[in-house]
file upload_26.cif (mmCIF, C-alpha atoms)
data_entry
loop_
_atom_site.label_atom_id
_atom_site.label_comp_id
_atom_site.auth_asym_id
_atom_site.auth_seq_id
_atom_site.Cartn_x
_atom_site.Cartn_y
_atom_site.Cartn_z
CA MET A 8 -14.65 -20.60 -12.51
CA GLU A 9 -16.00 -18.29 -9.83
CA GLN A 10 -15.83 -14.52 -10.25
CA ILE A 11 -14.36 -13.09 -7.05
CA GLY A 12 -13.97 -9.46 -8.05
CA ILE A 13 -12.58 -7.00 -10.57
CA ILE A 14 -9.21 -5.35 -11.10
CA ARG A 15 -9.35 -2.04 -9.27
CA GLU A 16 -5.74 -0.91 -9.69
CA ILE A 17 -2.61 -1.98 -11.58
CA TRP A 18 0.87 -0.89 -10.48
CA ARG A 19 4.46 -1.38 -11.52
CA TYR A 20 7.67 -0.27 -9.86
CA PRO A 21 10.40 0.26 -12.47
CA VAL A 22 13.04 0.87 -9.76
CA LYS A 23 13.25 -1.54 -6.84
CA GLY A 24 12.35 0.18 -3.57
CA MET A 25 10.92 3.35 -5.13
CA ALA A 26 7.28 4.29 -5.48
CA GLY A 27 5.84 3.24 -8.80
CA GLU A 28 3.27 4.20 -11.39
CA ALA A 29 -0.43 3.37 -11.68
CA LEU A 30 -1.45 1.88 -15.02
CA LYS A 31 -4.77 1.68 -16.85
CA GLU A 32 -3.58 -1.56 -18.38
CA GLY A 33 -0.53 -3.78 -18.26
CA ARG A 34 0.92 -6.97 -19.67
CA LEU A 35 1.50 -9.88 -17.34
CA VAL A 36 4.24 -12.21 -18.57
CA ALA A 37 4.28 -15.98 -18.08
CA GLY A 38 6.96 -16.99 -15.57
CA ALA A 39 7.24 -13.40 -14.41
CA GLY A 40 5.03 -10.45 -13.47
CA ILE A 41 3.92 -7.09 -14.85
CA GLU A 42 6.02 -6.01 -17.81
CA GLY A 43 8.35 -3.15 -16.86
CA ASP A 44 8.42 -4.01 -13.16
CA ARG A 45 11.74 -3.86 -11.25
CA LEU A 46 14.02 -3.20 -14.20
CA TRP A 47 16.48 -1.11 -12.17
CA ALA A 48 17.85 -1.13 -8.64
CA LEU A 49 20.22 0.78 -6.39
CA ARG A 50 23.55 -0.91 -5.67
CA ASP A 51 25.62 0.01 -2.63
CA THR A 52 29.15 0.26 -3.97
CA ALA A 53 30.93 -0.38 -0.66
CA ARG A 54 28.88 -3.47 0.13
CA GLY A 55 28.63 -4.52 -3.51
CA GLU A 56 24.96 -5.29 -2.87
CA ILE A 57 21.55 -4.52 -4.38
CA GLN A 58 19.42 -2.42 -2.04
CA GLY A 59 15.67 -1.93 -1.65
CA CYS A 60 13.45 0.04 0.69
CA LYS A 61 13.98 -2.49 3.50
CA PHE A 62 17.55 -1.25 3.91
CA ARG A 63 17.29 2.14 2.18
CA PRO A 64 13.89 3.58 3.21
CA GLU A 65 14.87 6.93 1.70
CA LEU A 66 14.07 5.37 -1.69
CA LEU A 67 10.37 5.48 -0.83
CA GLY A 68 10.54 9.26 -1.19
CA CYS A 69 11.25 8.83 -4.91
CA ASP A 70 8.99 7.58 -7.65
CA ALA A 71 10.01 6.10 -10.97
CA ARG A 72 8.33 5.90 -14.36
CA LEU A 73 9.29 3.78 -17.33
CA ARG A 74 9.80 5.78 -20.50
CA ALA A 75 7.34 5.06 -23.29
CA ASP A 76 10.05 5.18 -25.97
CA GLY A 77 11.03 1.54 -25.54
CA SER A 78 14.55 2.43 -24.40
CA GLY A 79 14.12 0.72 -21.03
CA HIS A 80 15.29 3.87 -19.25
CA VAL A 81 13.39 5.34 -16.34
CA ASP A 82 12.82 8.83 -15.00
CA VAL A 83 13.15 9.27 -11.24
CA ARG A 84 11.44 12.06 -9.33
CA PHE A 85 13.30 12.90 -6.12
CA PRO A 86 11.61 14.02 -2.87
CA GLU A 87 12.19 17.71 -3.65
CA GLY A 88 10.61 17.32 -7.10
CA ASP A 89 13.73 17.17 -9.31
CA VAL A 90 13.53 14.60 -12.11
CA MET A 91 16.56 12.73 -13.42
CA GLY A 92 16.83 9.94 -15.96
CA SER A 93 18.64 6.65 -15.56
CA ASP A 94 20.81 7.78 -18.48
CA ASP A 95 21.90 10.93 -16.62
CA GLY A 96 25.43 10.46 -15.33
CA ASP A 97 24.69 12.59 -12.27
CA ILE A 98 21.90 10.35 -10.99
CA HIS A 99 24.34 8.12 -9.10
CA ALA A 100 25.67 11.04 -7.05
CA SER A 101 22.12 12.23 -6.34
CA LEU A 102 21.03 8.82 -5.09
CA SER A 103 24.20 8.52 -3.02
CA ALA A 104 23.40 11.85 -1.37
CA LEU A 105 19.80 10.78 -0.76
CA THR A 106 20.72 7.51 0.97
CA GLY A 107 23.96 8.63 2.59
CA ARG A 108 25.78 5.72 0.92
CA SER A 109 27.89 5.61 -2.23
CA SER A 110 25.53 4.00 -4.72
CA THR A 111 24.86 3.45 -8.40
CA LEU A 112 21.60 2.89 -10.27
CA GLU A 113 21.93 -0.38 -12.14
CA ALA A 114 19.86 -2.18 -14.77
CA LEU A 115 19.10 -5.89 -14.61
CA ARG A 116 21.92 -8.19 -15.57
CA PRO A 117 21.75 -11.73 -16.93
CA LEU A 118 20.96 -14.71 -14.72
CA GLY A 119 24.52 -15.96 -15.06
CA ASP A 120 26.02 -12.85 -13.45
CA GLY A 121 25.59 -14.31 -9.96
CA SER A 122 28.09 -12.02 -8.23
CA PHE A 123 25.94 -8.99 -9.09
CA TYR A 124 23.05 -10.40 -7.04
CA ARG A 125 25.07 -11.81 -4.14
CA ARG A 126 24.49 -10.75 -0.52
CA HIS A 127 27.10 -8.81 1.35
CA LYS A 128 28.39 -10.99 4.18
CA ALA A 129 30.83 -9.66 6.71
CA ASP A 130 30.49 -13.01 8.49
CA ASP A 131 28.09 -15.96 8.73
CA HIS A 132 25.41 -14.31 10.87
CA THR A 133 25.45 -10.50 10.60
CA TRP A 134 23.53 -10.49 7.30
CA PHE A 135 20.68 -12.42 8.90
CA GLU A 136 20.53 -10.13 11.91
CA GLU A 137 20.37 -7.15 9.53
CA LEU A 138 17.54 -8.78 7.61
CA LYS A 139 15.52 -9.56 10.74
CA ALA A 140 15.93 -5.97 11.91
CA THR A 141 14.17 -4.70 8.78
CA PHE A 142 10.94 -6.36 9.96
CA ALA A 143 10.84 -3.87 12.87
CA ARG A 144 9.19 -6.26 15.33
CA LEU A 145 8.58 -5.35 18.95
CA PRO A 146 9.52 -7.79 21.73
CA GLY A 147 7.09 -10.71 21.66
CA GLU A 148 6.00 -10.15 18.04
CA PRO A 149 6.71 -13.00 15.62
CA LEU A 150 9.10 -12.89 12.72
CA PRO A 151 8.39 -14.63 9.41
CA ASP A 152 9.37 -18.29 9.31
CA PHE A 153 12.58 -18.44 7.27
CA SER A 154 13.07 -22.18 7.82
CA GLY A 155 11.57 -23.11 4.46
CA ALA A 156 13.62 -20.62 2.47
CA PRO A 157 15.67 -22.16 -0.37
CA PRO A 158 19.45 -22.39 0.10
CA GLU A 159 20.09 -19.56 -2.36
CA PHE A 160 18.18 -17.19 -0.07
CA SER A 161 21.24 -16.88 2.12
CA GLU A 162 23.53 -16.29 -0.85
CA TYR A 163 21.57 -13.82 -2.96
CA VAL A 164 19.77 -10.63 -1.99
CA CYS A 165 17.27 -11.24 -4.79
CA GLN A 166 16.66 -14.02 -7.27
CA PRO A 167 19.50 -13.91 -9.83
CA GLY A 168 18.31 -12.45 -13.11
CA THR A 169 15.61 -10.43 -11.30
CA PHE A 170 15.29 -7.76 -8.65
CA PHE A 171 12.59 -9.73 -6.80
CA LEU A 172 13.15 -11.21 -3.36
CA VAL A 173 10.39 -13.83 -3.56
CA THR A 174 8.12 -13.84 -6.63
CA PRO A 175 7.51 -11.29 -9.39
CA PHE A 176 3.81 -10.65 -8.71
CA HIS A 177 1.94 -9.38 -5.69
CA LEU A 178 -1.74 -8.69 -5.06
CA VAL A 179 -3.98 -7.42 -2.29
CA THR A 180 -7.76 -7.24 -1.96
CA THR A 181 -10.11 -4.53 -0.80
CA ALA A 182 -11.58 -7.06 1.66
CA THR A 183 -8.26 -7.35 3.50
CA LEU A 184 -7.75 -3.59 3.56
CA ALA A 185 -11.29 -3.07 4.86
CA ARG A 186 -10.77 -5.60 7.68
CA LEU A 187 -7.52 -3.93 8.77
CA ARG A 188 -9.01 -0.45 8.45
CA ALA A 189 -11.80 -1.53 10.79
CA SER A 190 -9.23 -2.77 13.31
CA SER A 191 -7.33 0.53 13.29
CA PRO A 192 -9.53 3.27 11.78
CA ALA A 193 -7.20 6.11 12.75
CA ALA A 194 -4.38 4.75 10.57
CA ASP A 195 -3.93 5.61 6.90
CA TRP A 196 -4.36 2.34 5.00
CA ASN A 197 -3.41 3.81 1.64
CA VAL A 198 -2.69 0.89 -0.67
CA ARG A 199 0.55 2.50 -1.87
CA ARG A 200 2.15 1.45 1.41
CA PHE A 201 1.94 -2.20 0.36
CA ARG A 202 3.32 -1.96 -3.18
CA PRO A 203 0.96 -4.40 -4.92
CA ASN A 204 0.94 -5.08 -8.65
CA VAL A 205 -2.82 -5.57 -8.61
CA VAL A 206 -5.55 -4.49 -6.22
CA ILE A 207 -8.63 -6.70 -6.52
CA GLU A 208 -11.94 -5.15 -5.59
CA THR A 209 -13.88 -7.99 -4.01
CA ALA A 210 -17.66 -8.29 -3.71
CA PRO A 211 -19.29 -6.45 -0.77
CA GLU A 212 -20.10 -9.74 0.95
CA ALA A 213 -16.41 -10.83 0.93
CA GLU A 214 -14.97 -10.30 4.38
CA GLY A 215 -11.57 -10.85 5.96
CA TYR A 216 -8.28 -11.90 4.48
CA VAL A 217 -9.85 -13.71 1.55
CA GLU A 218 -6.76 -13.95 -0.64
CA GLN A 219 -5.05 -16.17 1.94
CA ASP A 220 -7.49 -18.91 0.92
CA TRP A 221 -6.35 -18.66 -2.70
CA ILE A 222 -2.81 -19.92 -2.06
CA GLY A 223 -2.22 -23.03 -4.16
CA ARG A 224 -4.94 -22.02 -6.62
CA LYS A 225 -5.00 -19.98 -9.82
CA LEU A 226 -6.56 -16.70 -10.85
CA HIS A 227 -7.74 -15.60 -14.27
CA LEU A 228 -7.19 -11.82 -14.56
CA GLY A 229 -8.13 -10.24 -17.86
CA SER A 230 -6.55 -12.55 -20.45
CA ALA A 231 -3.74 -13.70 -18.10
CA ARG A 232 -3.49 -16.43 -15.49
CA VAL A 233 -1.59 -16.31 -12.20
CA ALA A 234 -0.56 -18.97 -9.70
CA CYS A 235 -1.11 -17.85 -6.11
CA THR A 236 2.01 -19.14 -4.39
CA GLU A 237 2.46 -17.84 -0.84
CA THR A 238 1.49 -15.25 1.71
CA THR A 239 3.24 -11.89 2.15
CA PRO A 240 4.74 -11.24 5.60
CA ARG A 241 5.23 -7.54 6.20
CA CYS A 242 8.35 -5.62 7.17
CA GLY A 243 8.88 -2.13 8.56
CA ALA A 244 8.68 -0.52 5.11
CA VAL A 245 4.86 -0.41 5.27
CA ALA A 246 5.06 2.09 8.14
CA ARG A 247 7.68 4.34 6.54
CA LYS A 248 7.13 7.85 5.29
CA GLN A 249 6.44 8.13 1.56
CA ARG A 250 5.42 10.97 -0.72
CA GLY A 251 2.06 12.08 0.68
CA LEU A 252 2.09 9.43 3.43
CA SER A 253 3.39 10.00 6.94
CA GLU A 254 5.26 7.48 9.07
CA ASP A 255 2.80 5.36 11.04
CA ALA A 256 4.04 2.45 13.18
CA SER A 257 0.45 1.46 14.01
CA ILE A 258 0.11 0.08 10.46
CA LEU A 259 2.65 -2.66 11.12
CA ARG A 260 1.41 -3.31 14.66
CA SER A 261 -2.12 -3.95 13.31
CA ILE A 262 -0.91 -6.30 10.57
CA VAL A 263 1.15 -8.35 13.02
CA ARG A 264 -1.63 -8.45 15.62
CA GLU A 265 -4.72 -8.82 13.45
CA ALA A 266 -3.54 -10.60 10.29
CA GLU A 267 -0.81 -12.96 11.49
CA GLN A 268 1.74 -10.46 10.05
CA ASN A 269 0.56 -11.03 6.47
CA LEU A 270 -1.11 -8.67 4.02
CA GLY A 271 -1.67 -9.86 0.46
CA ILE A 272 -0.18 -12.79 -1.40
CA TYR A 273 2.57 -13.49 -3.91
CA GLY A 274 2.10 -15.06 -7.30
CA ARG A 275 3.66 -15.88 -10.64
CA GLY A 276 2.36 -15.47 -14.17
CA LEU A 277 1.29 -18.74 -15.77
CA GLU A 278 -0.05 -17.41 -19.05
CA THR A 279 0.90 -14.14 -20.73
CA GLY A 280 -1.98 -11.74 -21.20
CA CYS A 281 -3.25 -8.20 -20.80
CA LEU A 282 -4.80 -6.77 -17.65
CA ARG A 283 -7.06 -3.74 -17.60
CA VAL A 284 -8.65 -1.83 -14.77
CA GLY A 285 -12.22 -3.11 -14.52
CA ASP A 286 -11.45 -6.61 -15.87
CA ALA A 287 -13.18 -9.48 -14.09
CA VAL A 288 -11.08 -11.72 -11.82
CA TYR A 289 -11.94 -15.41 -11.57
CA LEU A 290 -10.76 -18.03 -9.11
CA ILE A 291 -10.01 -21.26 -10.97
#
call {"tool": "encode", "arguments": {"input": "upload_26.cif", "output": "structure tokens"}}
result
Amino acid sequence: MEQIGIIREIWRYPVKGMAGEALKEGRLVAGAGIEGDRLWALRDTARGEIQGCKFRPELLGCDARLRADGSGHVDVRFPEGDVMGSDDGDIHASLSALTGRSSTLEALRPLGDGSFYRRHKADDHTWFEELKATFARLPGEPLPDFSGAPPEFSEYVCQPGTFFLVTPFHLVTTATLARLRASSPAADWNVRRFRPNVVIETAPEAEGYVEQDWIGRKLHLGSARVACTETTPRCGAVARKQRGLSEDASILRSIVREAEQNLGIYGRGLETGCLRVGDAVYLI
């Protein structure tokens, strides 16, 4: 094994599409991701569809924290500072007002409840046009290649039994952020824009988009192991306004131009274990 860095930050996002919480340590679960990640999501009642920050960017103005009492409930802080719990009956009306759409905050449901995770489809093509629009590309800029997507991608807005679109784990490296910062130094490359589960601090000599070379390999992080599965093409959400971060379209333009539209990689837990800030990261 080769040590390629240390864990600099650990994040989880208890509500899909909202800002999350930084952790000193976390538990990575085999076949999944960080424990407590994406346990809740907003559901548009008219469309009957789960929503994230791609379609409801207003969610990025909220942050969510998982309660430590083991109840599974979360507390949501709204843009104006008000805090409401997932067990507060008024939270649905507050989220509806925030997004301008009648919505409910919903907990995960079992894998077998397929209708809960199904895409809204007015016809055979509008859903795909809506999805492409969320990537906010300018004329001449490439879109992600959807040709290899599994058949269920067109049927479900996220993987049934989860609130994840692709895989349940996502990482970025300081090397990638440094390369992009050098390409556009006036932009704010705050890592919160990219919603990783883990930020790996790479060695000073590591340059460029190093994690792209890890796809198909495995990482040992703390006492857990992760399969690096695929790259992460970026949508317009990275440029959106968040708490403490202004809207900045140059972020997305730089990623598309300089990094082949990818920043970070996806993964999946292979072996359950604990992660702590400062733990060594090894490439297997």
call {"tool": "residues_around", "arguments": {"input": "upload_26.cif", "residues": "Gly88 (chain A)", "least_positions_apart": "5", "cutoff": "12 Å", "atoms": "all atoms listed in the file", "output": "mmCIF file with C-alpha atoms, in the frame of the given file"}}
result
data_model
loop_
_atom_site.group_PDB
_atom_site.id
_atom_site.type_symbol
_atom_site.label_atom_id
_atom_site.label_comp_id
_atom_site.auth_asym_id
_atom_site.auth_seq_id
_atom_site.Cartn_x
_atom_site.Cartn_y
_atom_site.Cartn_z
ATOM 1 C CA GLY A 68 10.540 9.260 -1.190
ATOM 2 C CA CYS A 69 11.250 8.830 -4.910
ATOM 3 C CA ASP A 70 8.990 7.580 -7.650
ATOM 4 C CA ALA A 71 10.010 6.100 -10.970
ATOM 5 C CA ASP A 82 12.820 8.830 -15.000
ATOM 6 C CA VAL A 83 13.150 9.270 -11.240
ATOM 7 C CA ARG A 250 5.420 10.970 -0.720
#
call {"tool": "residues_around", "arguments": {"input": "upload_26.cif", "residues": "Met25 (chain A)", "least_positions_apart": "4", "cutoff": "12 Å", "atoms": "all atoms listed in the file", "output": "PyMOL selection string"}}
result
chain A and resi 19-21+44-49+58-61+63-72+81-86+102+112+199-202+244+248-250
call {"tool": "resolve_selection", "arguments": {"input": "upload_26.cif", "expression": "the PyMOL selection byres ((chain A and resi 269-286) around 8)", "output": "JSON, numbers by chain"}}
result
{"A": [13, 14, 15, 16, 17, 31, 32, 33, 34, 35, 36, 37, 38, 39, 40, 173, 174, 175, 176, 177, 178, 179, 180, 183, 216, 218, 219, 222, 228, 229, 230, 231, 232, 233, 234, 235, 236, 237, 238, 239, 240, 241, 262, 263, 266, 267, 268, 287, 288]}
call {"tool": "atom_distance", "arguments": {"input": "upload_26.cif", "atom1": "CA of Phe142 (chain A)", "atom2": "CA of Ser109 (chain A)"}}
result
24.1 Å
call {"tool": "resolve_selection", "arguments": {"input": "upload_26.cif", "expression": "the PyMOL selection byres ((chain A and resi 11) around 12)", "output": "ChimeraX atom specification"}}
result
/A:8-10,12-14,180-182,207-214,217-218,221,225-228,286-291
call {"tool": "axis_aligned_box", "arguments": {"input": "upload_26.cif", "around": "region 107-124 of chain A", "padding_each_side": "4 Å", "output": "AutoDock Vina command-line options"}}
result
--center_x 23.6 --center_y -3.7 --center_z -7.2 --size_x 17.0 --size_y 32.6 --size_z 27.5
call {"tool": "atom_distance", "arguments": {"input": "upload_26.cif", "atom1": "CA of Gln166 (chain A)", "atom2": "CA of Val205 (chain A)"}}
result
21.3 Å
call {"tool": "residues_around", "arguments": {"input": "upload_26.cif", "residues": "Phe62 (chain A)", "least_positions_apart": "3", "cutoff": "12 Å", "atoms": "all atoms listed in the file", "output": "PDB file with C-alpha atoms, in the frame of the given file"}}
result
ATOM      1  CA  LYS A  23      13.250  -1.540  -6.840  1.00  0.00           C
ATOM      2  CA  GLY A  24      12.350   0.180  -3.570  1.00  0.00           C
ATOM      3  CA  LEU A  49      20.220   0.780  -6.390  1.00  0.00           C
ATOM      4  CA  ARG A  50      23.550  -0.910  -5.670  1.00  0.00           C
ATOM      5  CA  ASP A  51      25.620   0.010  -2.630  1.00  0.00           C
ATOM      6  CA  GLU A  56      24.960  -5.290  -2.870  1.00  0.00           C
ATOM      7  CA  ILE A  57      21.550  -4.520  -4.380  1.00  0.00           C
ATOM      8  CA  GLN A  58      19.420  -2.420  -2.040  1.00  0.00           C
ATOM      9  CA  GLY A  59      15.670  -1.930  -1.650  1.00  0.00           C
ATOM     10  CA  GLU A  65      14.870   6.930   1.700  1.00  0.00           C
ATOM     11  CA  LEU A  66      14.070   5.370  -1.690  1.00  0.00           C
ATOM     12  CA  LEU A  67      10.370   5.480  -0.830  1.00  0.00           C
ATOM     13  CA  THR A 106      20.720   7.510   0.970  1.00  0.00           C
ATOM     14  CA  GLY A 107      23.960   8.630   2.590  1.00  0.00           C
ATOM     15  CA  ARG A 108      25.780   5.720   0.920  1.00  0.00           C
ATOM     16  CA  TRP A 134      23.530 -10.490   7.300  1.00  0.00           C
ATOM     17  CA  GLU A 137      20.370  -7.150   9.530  1.00  0.00           C
ATOM     18  CA  LEU A 138      17.540  -8.780   7.610  1.00  0.00           C
ATOM     19  CA  LYS A 139      15.520  -9.560  10.740  1.00  0.00           C
ATOM     20  CA  ALA A 140      15.930  -5.970  11.910  1.00  0.00           C
ATOM     21  CA  THR A 141      14.170  -4.700   8.780  1.00  0.00           C
ATOM     22  CA  PHE A 142      10.940  -6.360   9.960  1.00  0.00           C
ATOM     23  CA  ALA A 143      10.840  -3.870  12.870  1.00  0.00           C
ATOM     24  CA  VAL A 164      19.770 -10.630  -1.990  1.00  0.00           C
ATOM     25  CA  CYS A 242       8.350  -5.620   7.170  1.00  0.00           C
ATOM     26  CA  GLY A 243       8.880  -2.130   8.560  1.00  0.00           C
ATOM     27  CA  ALA A 244       8.680  -0.520   5.110  1.00  0.00           C
ATOM     28  CA  ARG A 247       7.680   4.340   6.540  1.00  0.00           C
TER      29      ARG A 247
END
call {"tool": "residues_around", "arguments": {"input": "upload_26.cif", "residues": "Tyr163 (chain A)", "least_positions_apart": "2", "cutoff": "6 Å", "atoms": "all atoms listed in the file", "output": "ChimeraX atom specification"}}
result
/A:124-126,159-161,165
call {"tool": "atom_distance", "arguments": {"input": "upload_26.cif", "atom1": "CA of Leu259 (chain A)", "atom2": "CA of Pro149 (chain A)"}}
result
12.0 Å
call {"tool": "resolve_selection", "arguments": {"input": "upload_26.cif", "expression": "the PyMOL selection byres ((chain A and resi 258) around 9)", "output": "number ranges by chain"}}
result
A: 187, 191, 194-196, 245-246, 255-257, 259-263
call {"tool": "write_last_selection", "arguments": {"input": "upload_26.cif", "atoms": "C-alpha atoms", "output": "short mmCIF file (atom, residue, chain, number, x, y, z; two decimals), in the coordinates of the input"}}
result
data_model
loop_
_atom_site.label_atom_id
_atom_site.label_comp_id
_atom_site.auth_asym_id
_atom_site.auth_seq_id
_atom_site.Cartn_x
_atom_site.Cartn_y
_atom_site.Cartn_z
CA LEU A 187 -7.52 -3.93 8.77
CA SER A 191 -7.33 0.53 13.29
CA ALA A 194 -4.38 4.75 10.57
CA ASP A 195 -3.93 5.61 6.90
CA TRP A 196 -4.36 2.34 5.00
CA VAL A 245 4.86 -0.41 5.27
CA ALA A 246 5.06 2.09 8.14
CA ASP A 255 2.80 5.36 11.04
CA ALA A 256 4.04 2.45 13.18
CA SER A 257 0.45 1.46 14.01
CA LEU A 259 2.65 -2.66 11.12
CA ARG A 260 1.41 -3.31 14.66
CA SER A 261 -2.12 -3.95 13.31
CA ILE A 262 -0.91 -6.30 10.57
CA VAL A 263 1.15 -8.35 13.02
#
call {"tool": "closest_residue", "arguments": {"input": "upload_26.cif", "among": "A:Asp97, A:Asp131, A:Glu254, A:Glu28", "to": "Ser110 (chain A)", "atoms": "only C-alpha atoms"}}
result
A:Asp97
call {"tool": "decode", "arguments": {"input": "upload_26.cif", "residues": "region 232-240 of chain A", "atoms": "all heavy atoms", "output": "PDB file, in the first residue's frame"}}
result
ATOM      1  N   ARG A 232     -12.450   0.570   4.134  1.00  0.00           N
ATOM      2  CA  ARG A 232     -11.962   0.494   2.758  1.00  0.00           C
ATOM      3  C   ARG A 232     -13.060   0.939   1.816  1.00  0.00           C
ATOM      4  O   ARG A 232     -14.242   0.671   2.032  1.00  0.00           O
ATOM      5  CB  ARG A 232     -11.512  -0.928   2.404  1.00  0.00           C
ATOM      6  CG  ARG A 232     -10.243  -1.360   3.103  1.00  0.00           C
ATOM      7  CD  ARG A 232      -9.545  -2.479   2.364  1.00  0.00           C
ATOM      8  NE  ARG A 232     -10.400  -3.635   2.193  1.00  0.00           N
ATOM      9  CZ  ARG A 232     -10.138  -4.645   1.346  1.00  0.00           C
ATOM     10  NH1 ARG A 232      -9.046  -4.607   0.602  1.00  0.00           N
ATOM     11  NH2 ARG A 232     -10.950  -5.672   1.256  1.00  0.00           N
ATOM     12  N   VAL A 233     -12.636   1.617   0.731  1.00  0.00           N
ATOM     13  CA  VAL A 233     -13.569   2.188  -0.237  1.00  0.00           C
ATOM     14  C   VAL A 233     -13.139   1.798  -1.635  1.00  0.00           C
ATOM     15  O   VAL A 233     -11.946   1.825  -1.959  1.00  0.00           O
ATOM     16  CB  VAL A 233     -13.593   3.732  -0.120  1.00  0.00           C
ATOM     17  CG1 VAL A 233     -14.415   4.347  -1.240  1.00  0.00           C
ATOM     18  CG2 VAL A 233     -14.139   4.161   1.229  1.00  0.00           C
ATOM     19  N   ALA A 234     -14.108   1.438  -2.474  1.00  0.00           N
ATOM     20  CA  ALA A 234     -13.861   1.243  -3.903  1.00  0.00           C
ATOM     21  C   ALA A 234     -14.083   2.564  -4.606  1.00  0.00           C
ATOM     22  O   ALA A 234     -15.112   3.213  -4.415  1.00  0.00           O
ATOM     23  CB  ALA A 234     -14.797   0.181  -4.460  1.00  0.00           C
ATOM     24  N   CYS A 235     -13.117   2.984  -5.405  1.00  0.00           N
ATOM     25  CA  CYS A 235     -13.250   4.212  -6.204  1.00  0.00           C
ATOM     26  C   CYS A 235     -13.907   3.814  -7.524  1.00  0.00           C
ATOM     27  O   CYS A 235     -13.322   3.066  -8.308  1.00  0.00           O
ATOM     28  CB  CYS A 235     -11.877   4.839  -6.444  1.00  0.00           C
ATOM     29  SG  CYS A 235     -11.002   5.265  -4.929  1.00  0.00           S
ATOM     30  N   THR A 236     -15.112   4.296  -7.771  1.00  0.00           N
ATOM     31  CA  THR A 236     -15.918   3.732  -8.848  1.00  0.00           C
ATOM     32  C   THR A 236     -15.996   4.573 -10.116  1.00  0.00           C
ATOM     33  O   THR A 236     -15.958   4.033 -11.214  1.00  0.00           O
ATOM     34  CB  THR A 236     -17.348   3.461  -8.353  1.00  0.00           C
ATOM     35  OG1 THR A 236     -17.912   4.683  -7.860  1.00  0.00           O
ATOM     36  CG2 THR A 236     -17.345   2.418  -7.233  1.00  0.00           C
ATOM     37  N   GLU A 237     -16.135   5.899  -9.989  1.00  0.00           N
ATOM     38  CA  GLU A 237     -16.317   6.710 -11.191  1.00  0.00           C
ATOM     39  C   GLU A 237     -16.089   8.181 -10.883  1.00  0.00           C
ATOM     40  O   GLU A 237     -16.063   8.596  -9.722  1.00  0.00           O
ATOM     41  CB  GLU A 237     -17.717   6.513 -11.775  1.00  0.00           C
ATOM     42  CG  GLU A 237     -18.843   6.711 -10.784  1.00  0.00           C
ATOM     43  CD  GLU A 237     -20.070   5.923 -11.179  1.00  0.00           C
ATOM     44  OE1 GLU A 237     -20.644   6.237 -12.236  1.00  0.00           O
ATOM     45  OE2 GLU A 237     -20.459   5.003 -10.425  1.00  0.00           O
ATOM     46  N   THR A 238     -15.919   8.951 -11.935  1.00  0.00           N
ATOM     47  CA  THR A 238     -15.664  10.367 -11.765  1.00  0.00           C
ATOM     48  C   THR A 238     -16.955  11.121 -11.473  1.00  0.00           C
ATOM     49  O   THR A 238     -18.057  10.574 -11.610  1.00  0.00           O
ATOM     50  CB  THR A 238     -14.962  10.934 -13.003  1.00  0.00           C
ATOM     51  OG1 THR A 238     -14.439  12.227 -12.713  1.00  0.00           O
ATOM     52  CG2 THR A 238     -15.918  11.017 -14.189  1.00  0.00           C
ATOM     53  N   THR A 239     -16.832  12.392 -11.086  1.00  0.00           N
ATOM     54  CA  THR A 239     -17.980  13.182 -10.661  1.00  0.00           C
ATOM     55  C   THR A 239     -18.171  14.388 -11.564  1.00  0.00           C
ATOM     56  O   THR A 239     -17.563  15.446 -11.348  1.00  0.00           O
ATOM     57  CB  THR A 239     -17.789  13.658  -9.204  1.00  0.00           C
ATOM     58  OG1 THR A 239     -17.449  12.554  -8.372  1.00  0.00           O
ATOM     59  CG2 THR A 239     -19.071  14.302  -8.687  1.00  0.00           C
ATOM     60  N   PRO A 240     -19.003  14.273 -12.598  1.00  0.00           N
ATOM     61  CA  PRO A 240     -19.295  15.443 -13.441  1.00  0.00           C
ATOM     62  C   PRO A 240     -20.122  16.455 -12.662  1.00  0.00           C
ATOM     63  O   PRO A 240     -21.012  16.085 -11.890  1.00  0.00           O
ATOM     64  CB  PRO A 240     -20.080  14.851 -14.614  1.00  0.00           C
ATOM     65  CG  PRO A 240     -20.674  13.591 -14.078  1.00  0.00           C
ATOM     66  CD  PRO A 240     -19.727  13.079 -13.041  1.00  0.00           C
TER      67      PRO A 240
END
